[in-house]
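Structure file coords33.csv (CSV, C-alpha atoms) is printed below.
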chain,number,residue,atom,x,y,z
A,588,MET,CA,-46.9,36.3,-27.2
A,589,LYS,CA,-47.2,32.7,-28.3
A,590,GLU,CA,-43.5,32.6,-29.4
A,591,ARG,CA,-42.5,34.2,-26.1
A,592,GLY,CA,-44.6,31.7,-24.2
A,593,GLN,CA,-43.1,28.8,-26.2
A,594,GLN,CA,-39.6,30.3,-25.5
A,595,ARG,CA,-40.3,30.5,-21.8
A,596,GLY,CA,-41.7,27.0,-21.9
A,597,SER,CA,-38.6,25.8,-23.6
A,598,GLU,CA,-36.4,27.6,-21.1
A,599,PHE,CA,-38.4,26.1,-18.3
A,600,ILE,CA,-38.1,22.6,-19.7
A,601,TYR,CA,-34.4,23.0,-20.4
A,602,GLY,CA,-33.8,24.5,-17.0
A,603,ALA,CA,-35.7,21.6,-15.4
A,604,MET,CA,-33.8,19.1,-17.4
A,605,THR,CA,-30.5,20.8,-16.6
A,606,GLU,CA,-31.5,20.9,-12.9
A,607,TYR,CA,-32.5,17.2,-13.1
A,608,GLY,CA,-29.3,16.4,-14.9
A,609,CYS,CA,-27.2,18.2,-12.3
A,610,THR,CA,-29.1,16.5,-9.6
A,611,VAL,CA,-28.4,13.1,-11.2
A,612,LEU,CA,-24.8,14.0,-11.7
A,613,LEU,CA,-24.4,15.2,-8.2
A,614,ALA,CA,-26.1,12.1,-6.9
A,615,LEU,CA,-23.8,9.9,-9.0
A,616,LEU,CA,-20.7,11.8,-7.8
A,617,ALA,CA,-22.0,11.7,-4.2
A,618,PHE,CA,-22.5,8.0,-4.6
A,619,ALA,CA,-19.0,7.5,-6.0
A,620,PHE,CA,-17.4,9.6,-3.2
A,621,CYS,CA,-19.5,7.8,-0.6
A,622,ALA,CA,-18.7,4.4,-2.0
A,623,SER,CA,-15.0,5.4,-2.0
A,624,GLY,CA,-15.2,6.8,1.4
A,625,GLN,CA,-17.1,3.8,2.7
A,626,GLU,CA,-14.4,1.5,1.3
A,627,ILE,CA,-11.7,3.5,3.0
A,628,LYS,CA,-13.7,3.6,6.2
A,629,THR,CA,-14.2,-0.2,6.0
A,630,GLU,CA,-10.5,-0.8,5.6
A,631,VAL,CA,-9.7,1.3,8.6
A,632,VAL,CA,-12.4,0.3,10.9
A,633,SER,CA,-12.4,-3.4,10.0
A,634,ALA,CA,-8.7,-3.9,10.5
A,635,PHE,CA,-7.2,-4.6,13.9
A,636,VAL,CA,-3.4,-4.1,13.7
A,637,TRP,CA,-1.2,-5.5,16.4
A,638,GLY,CA,0.4,-2.7,18.4
A,639,GLU,CA,-2.0,0.0,17.1
A,640,ASP,CA,-4.7,-0.2,19.7
A,641,THR,CA,-7.6,2.2,19.9
A,642,PRO,CA,-10.3,2.6,22.6
A,643,SER,CA,-12.9,0.9,20.3
A,644,GLY,CA,-10.5,-1.7,18.7
A,645,ALA,CA,-8.7,-4.8,19.7
A,646,ILE,CA,-6.2,-5.1,22.5
A,647,SER,CA,-2.7,-6.2,21.7
A,648,SER,CA,-0.5,-8.2,24.0
A,649,THR,CA,2.5,-10.5,24.1
A,650,ILE,CA,3.2,-13.7,26.0
A,651,GLN,CA,5.9,-16.3,26.1
A,652,ASP,CA,5.1,-19.9,25.4
A,653,PRO,CA,5.6,-21.6,28.8
A,654,LEU,CA,7.1,-24.7,27.1
A,655,THR,CA,9.4,-23.2,24.5
A,656,GLY,CA,9.8,-19.5,25.6
A,657,HIS,CA,8.8,-18.4,22.0
A,658,THR,CA,7.0,-15.1,21.6
A,659,ILE,CA,3.3,-15.2,20.9
A,660,ARG,CA,1.5,-12.1,19.9
A,661,LYS,CA,-2.2,-11.7,20.6
A,662,LEU,CA,-5.1,-9.5,19.4
A,663,ARG,CA,-8.3,-9.7,21.4
A,664,TYR,CA,-11.6,-8.1,20.5
A,665,GLY,CA,-14.6,-9.0,22.7
A,666,PRO,CA,-14.9,-12.8,23.0
A,667,ILE,CA,-12.5,-13.4,20.0
A,668,GLU,CA,-8.8,-13.9,20.5
A,669,VAL,CA,-6.3,-14.4,17.7
A,670,ASN,CA,-2.7,-15.5,18.5
A,671,SER,CA,0.3,-15.4,16.2
A,672,ARG,CA,3.8,-16.8,16.0
A,673,ILE,CA,6.3,-16.8,13.2
A,674,GLY,CA,9.3,-18.8,12.2
A,675,PHE,CA,11.7,-19.5,9.4
A,676,GLU,CA,14.0,-22.2,7.9
A,677,ARG,CA,16.4,-22.5,5.0
A,678,VAL,CA,15.0,-24.0,1.8
A,679,SER,CA,17.8,-26.7,1.8
A,680,PRO,CA,21.5,-27.0,2.6
A,681,ASP,CA,22.2,-26.9,-1.1
A,682,GLU,CA,19.9,-24.1,-2.2
A,683,VAL,CA,19.9,-20.4,-1.2
A,684,GLY,CA,16.6,-19.2,0.1
A,685,THR,CA,14.3,-19.0,3.1
A,686,TYR,CA,10.9,-20.2,4.0
A,687,LEU,CA,8.8,-17.9,6.3
A,688,GLY,CA,6.0,-19.7,8.1
A,689,TYR,CA,3.3,-18.5,10.5
A,690,THR,CA,0.7,-20.2,12.6
A,691,THR,CA,-2.4,-18.5,13.9
A,692,THR,CA,-4.8,-19.7,16.5
A,693,ILE,CA,-8.4,-18.3,16.6
A,694,VAL,CA,-10.1,-18.7,19.9
A,695,ASN,CA,-13.9,-18.3,19.6
A,696,GLY,CA,-15.4,-17.4,23.0
A,697,SER,CA,-18.6,-16.3,21.4
A,698,ASP,CA,-21.9,-18.2,20.8
A,699,ALA,CA,-21.7,-18.0,17.0
A,700,THR,CA,-19.6,-19.8,14.5
A,701,LEU,CA,-16.8,-17.8,13.0
A,702,SER,CA,-15.4,-17.9,9.4
A,703,VAL,CA,-11.7,-17.6,8.9
A,704,ARG,CA,-10.2,-16.7,5.5
A,705,TYR,CA,-6.7,-16.1,4.2
A,706,GLY,CA,-5.8,-12.4,3.9
A,707,GLY,CA,-2.3,-11.9,2.6
A,708,ILE,CA,1.3,-11.5,3.5
A,709,SER,CA,4.0,-9.0,2.6
A,710,ILE,CA,7.7,-8.8,3.3
A,711,ASP,CA,9.2,-5.3,3.4
A,712,GLY,CA,6.0,-4.1,1.7
A,713,ARG,CA,6.3,-6.6,-1.1
A,714,ALA,CA,3.2,-8.9,-1.5
A,715,VAL,CA,4.1,-12.6,-1.6
A,716,SER,CA,2.0,-15.2,-3.2
A,717,LEU,CA,0.9,-18.4,-1.5
A,718,PRO,CA,2.6,-21.6,-2.7
A,719,TRP,CA,0.9,-24.8,-3.7
A,720,VAL,CA,0.9,-27.0,-0.6
A,721,ILE,CA,1.3,-30.8,-1.2
A,722,LEU,CA,-0.5,-32.5,1.7
A,723,PRO,CA,0.4,-35.9,3.0
A,724,GLY,CA,-1.0,-38.5,0.6
A,725,GLU,CA,-1.0,-36.1,-2.3
A,726,LYS,CA,1.5,-36.2,-5.2
A,727,LEU,CA,2.3,-34.0,-8.2
A,728,ASP,CA,3.4,-35.7,-11.4
A,729,LYS,CA,6.5,-34.2,-13.1
A,730,ARG,CA,4.3,-32.2,-15.5
A,731,ASP,CA,2.4,-30.5,-12.7
A,732,ARG,CA,5.5,-29.9,-10.7
A,733,LYS,CA,7.1,-28.3,-13.6
A,734,ASN,CA,4.1,-26.0,-14.2
A,735,LYS,CA,3.9,-25.1,-10.5
A,736,THR,CA,7.3,-24.0,-9.4
A,737,ASN,CA,6.2,-22.5,-6.1
A,738,VAL,CA,5.4,-25.8,-4.3
A,739,VAL,CA,6.0,-26.8,-0.7
A,740,GLU,CA,5.6,-30.1,1.1
A,741,PRO,CA,5.1,-29.6,4.8
A,742,LYS,CA,6.1,-33.2,5.5
A,743,LYS,CA,9.6,-32.3,4.3
A,744,MET,CA,9.9,-29.1,6.3
A,745,GLN,CA,11.4,-29.0,9.7
A,746,CYS,CA,9.1,-26.2,11.0
A,747,PHE,CA,6.2,-28.6,10.4
A,748,THR,CA,7.7,-31.9,11.4
A,749,ASN,CA,9.0,-30.5,14.7
A,750,GLY,CA,5.6,-29.1,15.6
A,751,PHE,CA,6.5,-25.4,15.5
A,752,LEU,CA,3.9,-24.9,12.7
A,753,ALA,CA,0.6,-26.8,12.8
A,754,ASP,CA,-0.3,-28.8,9.7
A,755,SER,CA,-3.9,-29.6,10.5
A,756,HIS,CA,-5.2,-26.6,8.5
A,757,LEU,CA,-3.2,-24.9,5.8
A,758,PHE,CA,-3.7,-22.1,3.4
A,759,SER,CA,-2.6,-23.0,-0.2
A,760,ALA,CA,-2.6,-21.4,-3.6
A,761,GLY,CA,-5.0,-24.1,-4.7
A,762,ASP,CA,-7.7,-23.0,-2.3
A,763,ALA,CA,-6.7,-19.6,-1.1
A,764,SER,CA,-10.4,-18.6,-0.9
A,765,GLN,CA,-11.3,-21.5,1.3
A,766,ALA,CA,-13.0,-20.6,4.6
A,767,PHE,CA,-12.4,-22.5,7.8
A,768,SER,CA,-15.1,-22.6,10.5
A,769,VAL,CA,-14.6,-22.1,14.2
A,770,SER,CA,-17.4,-23.4,16.3
A,771,PRO,CA,-18.6,-21.6,19.5
A,772,LYS,CA,-16.3,-22.1,22.5
A,773,THR,CA,-13.6,-23.8,20.5
A,774,ALA,CA,-10.3,-22.9,18.8
A,775,LEU,CA,-8.8,-23.4,15.4
A,776,THR,CA,-5.1,-23.2,14.4
A,777,VAL,CA,-4.2,-22.5,10.8
A,778,SER,CA,-0.8,-22.1,9.2
A,779,SER,CA,0.8,-20.8,6.1
A,780,VAL,CA,4.3,-20.8,4.6
A,781,VAL,CA,5.8,-18.7,1.8
A,782,ARG,CA,9.2,-18.4,0.2
A,783,ASP,CA,11.0,-15.2,0.9
A,784,PRO,CA,11.4,-13.5,-2.6
A,785,ARG,CA,14.4,-11.5,-1.6
A,786,SER,CA,17.9,-12.4,-2.8
A,787,TYR,CA,19.5,-11.9,0.6
A,788,PRO,CA,16.8,-12.3,3.2
A,789,LEU,CA,19.0,-13.2,6.2
A,790,ARG,CA,21.4,-11.3,8.4
A,791,CYS,CA,23.9,-13.4,10.3
A,792,SER,CA,26.1,-12.7,13.3
A,793,VAL,CA,27.8,-14.7,16.1
A,794,GLU,CA,24.4,-15.0,17.7
A,795,GLY,CA,22.9,-16.7,14.6
A,796,CYS,CA,20.9,-15.7,11.6
A,797,HIS,CA,17.5,-14.0,11.3
A,798,PRO,CA,15.4,-12.5,8.5
A,799,ILE,CA,15.8,-8.8,7.9
A,800,GLY,CA,13.0,-6.3,7.4
A,801,THR,CA,9.4,-6.6,8.4
A,802,ILE,CA,6.8,-9.3,7.9
A,803,ARG,CA,3.2,-8.3,7.8
A,804,TYR,CA,0.2,-10.7,7.4
A,805,TYR,CA,-3.5,-10.8,8.1
A,806,LEU,CA,-6.4,-13.2,8.4
A,807,THR,CA,-10.1,-12.2,8.0
A,808,VAL,CA,-12.3,-13.5,10.8
A,809,ASN,CA,-15.9,-13.0,9.6
A,810,SER,CA,-15.5,-9.5,8.2
A,811,GLN,CA,-12.7,-8.4,10.5
A,812,ASP,CA,-9.1,-8.3,9.5
A,813,TYR,CA,-6.5,-9.2,12.2
A,814,VAL,CA,-3.1,-7.9,11.1
A,815,PHE,CA,0.1,-9.0,12.7
A,816,VAL,CA,3.4,-7.1,12.2
A,817,TRP,CA,6.6,-8.9,13.0
A,818,PRO,CA,10.2,-7.6,12.7
A,819,GLY,CA,12.2,-10.3,11.0
A,820,GLN,CA,14.6,-10.6,14.0
A,821,SER,CA,11.7,-11.8,16.1
A,822,ALA,CA,11.1,-14.9,13.8
A,823,ILE,CA,12.1,-18.1,15.4
A,824,TYR,CA,14.5,-20.4,13.6
A,825,CYS,CA,12.6,-23.7,13.5
A,826,GLY,CA,14.8,-25.6,11.0
A,827,LYS,CA,17.7,-27.9,11.9
Since I need it in another form, could you write the structure as structure tokens?
Amino acid sequence: MKERGQQRGSEFIYGAMTEYGCTVLLALLAFAFCASGQEIKTEVVSAFVWGEDTPSGAISSTIQDPLTGHTIRKLRYGPIEVNSRIGFERVSPDEVGTYLGYTTTIVNGSDATLSVRYGGISIDGRAVSLPWVILPGEKLDKRDRKNKTNVVEPKKMQCFTNGFLADSHLFSAGDASQAFSVSPKTALTVSSVVRDPRSYPLRCSVEGCHPIGTIRYYLTVNSQDYVFVWPGQSAIYCGK
């Protein structure tokens, strides 16, 4: 009787431990799946993609700049409006290559300060890294320039000097995590430029040249991603 009681007691303890272990395991699995599901849900819900409007999401629209006639794409969600335009220019007359630049204006119609961060850019599904931006007054010595091959100087680029791209706020590889603030009832314009990594990025005809493929980039405003998708043929040539 005593052995049987001990056996039953052992079985009870083992069963309880097994049940507890299963409960913990299930809890961990549930947490993992929930965490994974939450991450996916966050990516879907927190991203507003131009041209993919939903009843609870942002509203996409297109306008023409009254001064230049250039296309501007807009995403509006509540009191926040984000505007985008994109352009390109050749690296130089003596060098094959193309720079793609975009400028984005965040209009804050709310009563709270907004935080704007760099998101990312891809060309035909290929992620492209930000270059090091040399601002006016800054210089790179020969050693730094050799170590940093992906370097741009806005003051030497036509898209900046002719005003198509704003140079007041720029995203750079040196401070890609930097956040810009947009005060209530004000607007902020931020720009970025990347070098097209493709060997043959342009298609030319009698009507001129334009990038091929699709350019996709996004900015994060607070915790919300605003994604703009541009066909290469819509990019404005802002070089000379």
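Going from CA of Arg660 (chain A) to CA of Leu775 (chain A) covers 15.9 Å.
Compared by their closest atoms to Ile710 (chain A), and using only C-alpha atoms, the residues A:Asp812, A:Glu740, A:Asp783, A:Asp754 rank with A:Asp783 nearest.
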Neighbour list for Ala634 (chain A) as a count of residues only, cut-off 12 Å, all atoms listed in the file, skip fewer than 3 positions in-chain: 27
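Shell of Phe767 (chain A) at 10 Å, with only C-alpha atoms counted and residues fewer than 6 places along the chain excluded, is Leu701, Ser702, Val703, Arg704, Tyr705, His756, Leu757, Phe758, Leu775, Thr776, Val777 and Val808 of chain A.
Comparing A:Tyr824, A:Tyr787, A:Tyr689, A:Phe747 by their smallest distance to Ile659 (chain A), the closest is A:Tyr689 (using only C-alpha atoms).
Between CA of Pro798 (chain A) and CA of Ala822 (chain A) there is a distance of 7.2 Å.
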